[in-house]
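S.K.: Below is run-v2.pdb; it holds PDB, C-alpha atoms.
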MODEL        1
ATOM      1  CA  MET A   8      35.298 118.773 100.783
ATOM      2  CA  LYS A   9      34.039 116.856  97.732
ATOM      3  CA  SER A  10      35.272 119.597  95.421
ATOM      4  CA  LEU A  11      38.683 119.416  97.106
ATOM      5  CA  ARG A  12      38.854 115.667  96.449
ATOM      6  CA  ARG A  13      38.256 116.286  92.751
ATOM      7  CA  MET A  14      41.309 118.538  92.550
ATOM      8  CA  SER A  15      44.304 117.329  90.605
ATOM      9  CA  SER A  16      47.441 116.210  92.417
ATOM     10  CA  ARG A  17      49.233 119.351  91.365
ATOM     11  CA  SER A  18      46.418 121.529  92.716
ATOM     12  CA  ARG A  19      46.529 119.678  96.028
ATOM     13  CA  GLN A  20      50.273 120.267  96.287
ATOM     14  CA  PHE A  21      49.687 123.939  95.539
ATOM     15  CA  LEU A  22      47.050 124.032  98.291
ATOM     16  CA  ASN A  23      49.526 122.483 100.737
ATOM     17  CA  PHE A  24      52.171 125.029  99.727
ATOM     18  CA  THR A  25      49.643 127.864 100.084
ATOM     19  CA  VAL A  26      48.669 126.757 103.598
ATOM     20  CA  THR A  27      52.334 126.529 104.610
ATOM     21  CA  PHE A  28      53.342 129.833 102.989
ATOM     22  CA  THR A  29      50.339 131.724 104.399
ATOM     23  CA  SER A  30      50.955 130.426 107.919
ATOM     24  CA  VAL A  31      54.618 131.470 107.754
ATOM     25  CA  LEU A  32      53.616 134.890 106.436
ATOM     26  CA  LEU A  33      51.103 135.343 109.264
ATOM     27  CA  CYS A  34      53.745 134.356 111.838
ATOM     28  CA  LEU A  35      56.163 136.862 110.304
ATOM     29  CA  LEU A  36      53.540 139.596 110.409
ATOM     30  CA  ILE A  37      52.521 138.935 114.007
ATOM     31  CA  LEU A  38      56.142 138.694 115.192
ATOM     32  CA  PRO A  39      56.663 142.454 115.787
ATOM     33  CA  THR A  40      53.104 142.942 117.077
ATOM     34  CA  ARG A  41      52.730 143.854 120.740
ATOM     35  CA  MET A  42      49.189 143.229 121.932
ATOM     36  CA  PRO A  43      47.930 143.041 125.519
ATOM     37  CA  GLY A  44      48.362 139.542 126.896
ATOM     38  CA  MET A  45      51.071 138.701 124.407
ATOM     39  CA  GLU A  46      53.929 140.411 126.180
ATOM     40  CA  LEU A  47      55.799 139.714 129.412
ATOM     41  CA  LEU A  48      58.512 142.129 130.597
ATOM     42  CA  GLY A  49      58.784 143.502 127.073
ATOM     43  CA  ILE A  50      59.230 140.044 125.498
ATOM     44  CA  SER A  51      56.700 138.550 123.080
ATOM     45  CA  PRO A  52      56.199 134.946 121.926
ATOM     46  CA  ASN A  53      58.568 133.575 119.310
ATOM     47  CA  TRP A  54      56.017 132.740 116.635
ATOM     48  CA  LEU A  55      58.522 131.383 114.126
ATOM     49  CA  LEU A  56      60.013 129.048 116.730
ATOM     50  CA  MET A  57      56.521 127.707 117.441
ATOM     51  CA  TRP A  58      55.957 127.267 113.704
ATOM     52  CA  VAL A  59      59.246 125.392 113.252
ATOM     53  CA  VAL A  60      58.374 123.069 116.148
ATOM     54  CA  ALA A  61      54.861 122.499 114.770
ATOM     55  CA  TRP A  62      56.245 121.756 111.304
ATOM     56  CA  SER A  63      58.994 119.486 112.650
ATOM     57  CA  ILE A  64      56.584 117.426 114.766
ATOM     58  CA  LYS A  65      54.949 115.907 111.712
ATOM     59  CA  ARG A  66      56.101 112.279 111.485
ATOM     60  CA  LYS A  67      57.423 112.324 107.935
ATOM     61  CA  ARG A  68      59.856 115.194 108.482
ATOM     62  CA  THR A  69      63.562 114.525 108.164
ATOM     63  CA  ILE A  70      66.281 116.099 110.273
ATOM     64  CA  TRP A  71      67.694 117.907 107.254
ATOM     65  CA  GLY A  72      64.290 119.118 106.133
ATOM     66  CA  ALA A  73      63.492 120.523 109.564
ATOM     67  CA  ALA A  74      66.941 122.123 109.813
ATOM     68  CA  CYS A  75      66.528 123.727 106.368
ATOM     69  CA  MET A  76      63.083 125.048 107.274
ATOM     70  CA  GLY A  77      64.502 126.466 110.514
ATOM     71  CA  LEU A  78      67.347 128.074 108.568
ATOM     72  CA  VAL A  79      64.983 129.685 106.052
ATOM     73  CA  LEU A  80      62.644 131.020 108.740
ATOM     74  CA  GLY A  81      65.593 132.196 110.818
ATOM     75  CA  LEU A  82      66.978 134.118 107.855
ATOM     76  CA  LEU A  83      63.551 135.668 107.279
ATOM     77  CA  GLN A  84      63.402 136.729 110.928
ATOM     78  CA  ASP A  85      66.955 138.061 110.764
ATOM     79  CA  GLY A  86      65.984 140.054 107.714
ATOM     80  CA  MET A  87      63.362 141.775 109.854
ATOM     81  CA  THR A  88      65.408 142.233 113.026
ATOM     82  CA  ALA A  89      69.187 142.040 112.710
ATOM     83  CA  PRO A  90      71.946 142.878 110.225
ATOM     84  CA  TYR A  91      73.662 139.551 110.960
ATOM     85  CA  PRO A  92      72.243 136.034 111.275
ATOM     86  CA  SER A  93      71.288 135.576 114.920
ATOM     87  CA  HIS A  94      68.037 133.601 114.661
ATOM     88  CA  ALA A  95      68.981 131.366 111.740
ATOM     89  CA  VAL A  96      71.324 129.083 113.668
ATOM     90  CA  SER A  97      69.013 128.729 116.653
ATOM     91  CA  LEU A  98      65.922 127.912 114.568
ATOM     92  CA  MET A  99      67.942 125.450 112.500
ATOM     93  CA  ILE A 100      69.011 123.655 115.684
ATOM     94  CA  VAL A 101      65.444 123.749 117.035
ATOM     95  CA  GLY A 102      64.033 122.144 113.893
ATOM     96  CA  ALA A 103      66.620 119.387 113.758
ATOM     97  CA  LEU A 104      66.520 118.664 117.484
ATOM     98  CA  THR A 105      62.714 118.483 117.527
ATOM     99  CA  VAL A 106      62.787 115.743 114.886
ATOM    100  CA  VAL A 107      65.599 113.899 116.680
ATOM    101  CA  LEU A 108      63.806 114.013 120.028
ATOM    102  CA  LEU A 109      60.485 112.837 118.625
ATOM    103  CA  LYS A 110      62.108 109.959 116.777
ATOM    104  CA  SER A 111      64.299 108.917 119.714
ATOM    105  CA  TRP A 112      61.511 109.155 122.295
ATOM    106  CA  SER A 113      59.022 107.328 120.050
ATOM    107  CA  ILE A 114      56.116 109.424 121.274
ATOM    108  CA  PRO A 115      52.852 108.131 119.768
ATOM    109  CA  ALA A 116      51.515 110.530 117.146
ATOM    110  CA  ASP A 117      47.995 110.561 118.561
ATOM    111  CA  ILE A 118      49.244 111.842 121.941
ATOM    112  CA  VAL A 119      51.159 114.728 120.390
ATOM    113  CA  GLU A 120      48.376 115.593 117.957
ATOM    114  CA  ARG A 121      45.576 115.642 120.546
ATOM    115  CA  ASP A 122      47.190 116.841 123.773
ATOM    116  CA  PRO A 123      48.492 120.418 124.201
ATOM    117  CA  ILE A 124      50.840 119.540 127.086
ATOM    118  CA  PRO A 125      53.592 117.818 125.006
ATOM    119  CA  ILE A 126      53.473 120.651 122.468
ATOM    120  CA  ALA A 127      53.818 123.263 125.201
ATOM    121  CA  LEU A 128      56.681 121.383 126.884
ATOM    122  CA  ILE A 129      58.585 120.896 123.629
ATOM    123  CA  VAL A 130      58.189 124.576 122.729
ATOM    124  CA  PHE A 131      59.247 125.634 126.249
ATOM    125  CA  GLY A 132      62.466 123.608 126.026
ATOM    126  CA  MET A 133      63.202 124.673 122.468
ATOM    127  CA  ALA A 134      62.653 128.361 123.309
ATOM    128  CA  LEU A 135      65.170 128.072 126.148
ATOM    129  CA  LEU A 136      67.607 126.344 123.798
ATOM    130  CA  ALA A 137      67.124 128.933 121.031
ATOM    131  CA  GLU A 138      67.733 131.861 123.373
ATOM    132  CA  THR A 139      70.821 130.126 124.794
ATOM    133  CA  VAL A 140      72.246 129.566 121.311
ATOM    134  CA  MET A 141      71.661 133.227 120.480
ATOM    135  CA  GLY A 142      73.363 134.261 123.736
ATOM    136  CA  ILE A 143      76.380 132.135 122.817
ATOM    137  CA  GLN A 144      76.433 133.756 119.374
ATOM    138  CA  PHE A 145      76.380 137.252 120.902
ATOM    139  CA  PHE A 146      79.242 136.297 123.204
ATOM    140  CA  ALA A 147      81.235 134.833 120.293
ATOM    141  CA  MET A 148      80.772 138.055 118.302
ATOM    142  CA  GLY A 149      82.302 139.980 121.185
ATOM    143  CA  ASP A 150      79.667 142.709 121.137
ATOM    144  CA  ARG A 151      78.855 142.479 124.814
ATOM    145  CA  ALA A 152      80.342 141.208 128.056
ATOM    146  CA  LEU A 153      79.371 137.745 129.254
ATOM    147  CA  MET A 154      77.734 139.098 132.442
ATOM    148  CA  ASP A 155      75.538 141.466 130.428
ATOM    149  CA  ILE A 156      74.485 138.636 128.145
ATOM    150  CA  TRP A 157      73.801 136.339 131.100
ATOM    151  CA  MET A 158      71.632 138.917 132.905
ATOM    152  CA  ASP A 159      69.558 139.570 129.793
ATOM    153  CA  HIS A 160      69.477 135.881 128.885
ATOM    154  CA  GLN A 161      67.720 134.885 132.085
ATOM    155  CA  ARG A 162      64.879 137.353 131.572
ATOM    156  CA  ILE A 163      64.553 136.912 127.812
ATOM    157  CA  ALA A 164      64.796 133.119 127.750
ATOM    158  CA  LEU A 165      62.305 132.542 130.540
ATOM    159  CA  CYS A 166      59.752 135.077 129.287
ATOM    160  CA  SER A 167      60.054 133.829 125.712
ATOM    161  CA  ALA A 168      59.743 130.198 126.797
ATOM    162  CA  ILE A 169      56.687 130.855 128.980
ATOM    163  CA  LEU A 170      54.824 132.910 126.397
ATOM    164  CA  SER A 171      55.747 130.690 123.464
ATOM    165  CA  SER A 172      54.690 127.533 125.293
ATOM    166  CA  LEU A 173      51.361 129.104 126.260
ATOM    167  CA  TRP A 174      50.605 130.221 122.706
ATOM    168  CA  ALA A 175      51.997 127.093 120.987
ATOM    169  CA  PRO A 176      48.760 125.039 121.101
ATOM    170  CA  VAL A 177      46.871 127.988 119.609
ATOM    171  CA  LEU A 178      49.193 127.901 116.605
ATOM    172  CA  TYR A 179      49.837 124.155 116.444
ATOM    173  CA  PHE A 180      46.330 122.705 116.404
ATOM    174  CA  PRO A 181      44.897 124.750 113.492
ATOM    175  CA  LEU A 182      48.096 124.222 111.483
ATOM    176  CA  ASN A 183      48.091 120.502 112.247
ATOM    177  CA  ARG A 184      44.445 120.269 111.194
ATOM    178  CA  LEU A 185      45.141 122.064 107.898
ATOM    179  CA  TRP A 186      48.232 119.970 107.156
ATOM    180  CA  GLU A 187      46.333 116.746 107.950
ATOM    181  CA  MET A 188      43.483 117.808 105.693
ATOM    182  CA  THR A 189      45.806 118.577 102.783
ATOM    183  CA  ARG A 190      47.779 115.359 103.342
ATOM    184  CA  ASN A 191      44.575 113.303 103.359
ATOM    185  CA  LEU A 192      43.529 114.997 100.124
ATOM    186  CA  GLU A 193      46.857 114.067  98.536
ATOM    187  CA  LYS A 194      46.330 110.410  99.507
ATOM    188  CA  SER A 195      42.815 110.187  98.100
TER
ENDMDL
END
Is it possible to give me this structure as structure tokens?

M.R.:
Amino acid sequence: MKSLRRMSSRSRQFLNFTVTFTSVLLCLLILPTRMPGMELLGISPNWLLMWVVAWSIKRKRTIWGAACMGLVLGLLQDGMTAPYPSHAVSLMIVGALTVVLLKSWSIPADIVERDPIPIALIVFGMALLAETVMGIQFFAMGDRALMDIWMDHQRIALCSAILSSLWAPVLYFPLNRLWEMTRNLEKS
């Protein structure tokens, strides 16, 4: 820790960027992975959604910053899964809405940073919202009938929300710890 404090400001910023970039890369790599206990009715957790929520929860994030991060991660996910942007809009909305809700509810930072229940509840609601936005996009594209979308939406949204909310504390707390450590290093 002492050697980290002796780092220059530029090196500390690079460390913060490296932590952020590596965590996004790991979430992208684990996204298509299907391991036992990480799948429910063929649906796996939405790791990038959890990452966007975790990143947006930090108190200094702006609405535009969270929306841009959601857009970038959504485009990365779309690059892996779809020929058209289907995740970008939903993750952009999730990032912006997470910041808006936290600022409007005035939830104390120590409660969110120490208790897994608010994290899980926020991720559950945001996963439902993200899947609903994607369902609306699929309907607007005219690829499928509304009843087909609605039948799939119920299963996909609920499974994704349950799994993502259960795994969210596992992702959030190590990331929060790393981001706090790098932020404290930047202050000192």

S.K.: Find the distance between atom CA of Thr27 of chain A and atom CA of Trp58 of chain A and write it in Å to one decimal.

M.R.: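 That distance, rounded to one decimal, is 9.8 Å.
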
S.K.: Fewer than 5 positions away in the same chain doesn't count, so skip those; otherwise give me all residues within 9 Å of segment 72-79 of chain A, counting all atoms listed in the file, as a list in words.

M.R.: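 My list of contacting residues is Leu55, Leu56, Val59, Val60, Trp62, Ser63, Gln84, His94, Ala95, Val96, Ser97, Leu98, Met99, Ile100, Val101, Gly102, Ala103, Leu104, Thr105 and Val106 of chain A.
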
S.K.: Rounded to one decimal in Å, what is the spacing between atom CA of Met148 of chain A and atom CA of Thr88 of chain A?

M.R.: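 These two atoms are separated by 16.8 Å.
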
S.K.: Which value, in Å to one decimal, gives the distance between atom CA of Thr40 of chain A and atom CA of Ser93 of chain A?

M.R.: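 Interatomic distance, atom CA of Thr40 of chain A to atom CA of Ser93 of chain A: 19.7 Å.
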
S.K.: Could you give me, as a ChimeraX atom specification, the residues within 8 Å of Leu182 of chain A, counting only C-alpha atoms and dropping anything in the same chain fewer than 4 positions from it?

M.R.: /A:30,61,178,186

S.K.: Could you tell me which residues the PyMOL selection byres ((chain A and resi 169-175) around 7) grabs in this file, written as an MDAnalysis selection string?

M.R.: chainID A and resid 51:53 57 126:128 130:131 165:168 176:179

S.K.: Return the single residue from A:Thr189, A:Gln161, A:Ser18, A:Asn183 that is closest to Ile50 of chain A, with distances computed using all atoms listed in the file.

M.R.: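 Answer, going by the shortest atom-to-atom distance: A:Gln161.
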
S.K.: Please determine, counting all atoms listed in the file, which residue among A:Ala137, A:Leu80, A:Ile64, A:Met87 has the shortest atom-to-atom distance to Leu109 of chain A.

M.R.: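 With all atoms listed in the file as the atom set, the closest residue is A:Ile64.
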
S.K.: So which one's closest to Glu187 of chain A, A:Val26, A:Met158, A:Ile70, A:Arg41? Using only C-alpha atoms, please.

M.R.: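 The answer is A:Val26, which sits nearest to Glu187 of chain A.
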
S.K.: Under the rule that all atoms listed in the file are counted, which of A:Leu135, A:Gln144, A:Arg68, A:Leu48 is the nearest residue to Pro92 of chain A?

M.R.: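 Once distances to Pro92 of chain A are computed over all atoms listed in the file, the minimum belongs to A:Gln144.
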
S.K.: Please return segment 67-84 of chain A, rebuilt to N, CA, C and O atoms, as a short mmCIF file (atom, residue, chain, number, x, y, z; two decimals), in the frame of the given file.

M.R.:
data_model
loop_
_atom_site.label_atom_id
_atom_site.label_comp_id
_atom_site.auth_asym_id
_atom_site.auth_seq_id
_atom_site.Cartn_x
_atom_site.Cartn_y
_atom_site.Cartn_z
N LYS A 67 56.65 112.59 109.14
CA LYS A 67 57.42 112.32 107.94
C LYS A 67 58.57 113.31 107.72
O LYS A 67 59.25 113.25 106.72
N ARG A 68 58.80 114.21 108.65
CA ARG A 68 59.86 115.19 108.48
C ARG A 68 61.22 114.57 108.75
O ARG A 68 61.39 113.76 109.65
N THR A 69 62.19 114.98 107.96
CA THR A 69 63.56 114.52 108.16
C THR A 69 64.32 115.57 108.97
O THR A 69 63.89 116.73 109.07
N ILE A 70 65.45 115.17 109.50
CA ILE A 70 66.28 116.10 110.27
C ILE A 70 66.75 117.24 109.38
O ILE A 70 66.70 118.41 109.75
N TRP A 71 67.19 116.88 108.17
CA TRP A 71 67.69 117.91 107.25
C TRP A 71 66.58 118.83 106.78
O TRP A 71 66.79 120.04 106.62
N GLY A 72 65.42 118.29 106.55
CA GLY A 72 64.29 119.12 106.13
C GLY A 72 63.89 120.11 107.21
O GLY A 72 63.64 121.29 106.93
N ALA A 73 63.84 119.63 108.46
CA ALA A 73 63.49 120.52 109.56
C ALA A 73 64.58 121.57 109.79
O ALA A 73 64.29 122.73 110.08
N ALA A 74 65.84 121.16 109.65
CA ALA A 74 66.94 122.12 109.81
C ALA A 74 66.90 123.18 108.71
O ALA A 74 67.10 124.37 108.97
N CYS A 75 66.62 122.76 107.47
CA CYS A 75 66.53 123.73 106.37
C CYS A 75 65.36 124.68 106.56
O CYS A 75 65.49 125.89 106.30
N MET A 76 64.23 124.17 107.03
CA MET A 76 63.08 125.05 107.27
C MET A 76 63.41 126.03 108.39
O MET A 76 63.07 127.22 108.31
N GLY A 77 64.08 125.57 109.45
CA GLY A 77 64.50 126.47 110.51
C GLY A 77 65.47 127.53 110.01
O GLY A 77 65.38 128.69 110.40
N LEU A 78 66.39 127.12 109.15
CA LEU A 78 67.35 128.07 108.57
C LEU A 78 66.64 129.15 107.75
O LEU A 78 66.91 130.34 107.89
N VAL A 79 65.71 128.73 106.91
CA VAL A 79 64.98 129.68 106.05
C VAL A 79 64.18 130.66 106.91
O VAL A 79 64.22 131.87 106.71
N LEU A 80 63.44 130.13 107.89
CA LEU A 80 62.64 131.02 108.74
C LEU A 80 63.53 131.91 109.60
O LEU A 80 63.18 133.07 109.86
N GLY A 81 64.66 131.37 110.05
CA GLY A 81 65.59 132.20 110.82
C GLY A 81 66.16 133.33 109.99
O GLY A 81 66.31 134.45 110.47
N LEU A 82 66.48 133.06 108.73
CA LEU A 82 66.98 134.12 107.86
C LEU A 82 65.89 135.16 107.57
O LEU A 82 66.18 136.36 107.49
N LEU A 83 64.65 134.71 107.45
CA LEU A 83 63.55 135.67 107.28
C LEU A 83 63.41 136.55 108.52
O LEU A 83 63.22 137.77 108.41
N GLN A 84 63.49 135.95 109.70
CA GLN A 84 63.40 136.73 110.93
C GLN A 84 64.59 137.67 111.07
O GLN A 84 64.44 138.81 111.49
#
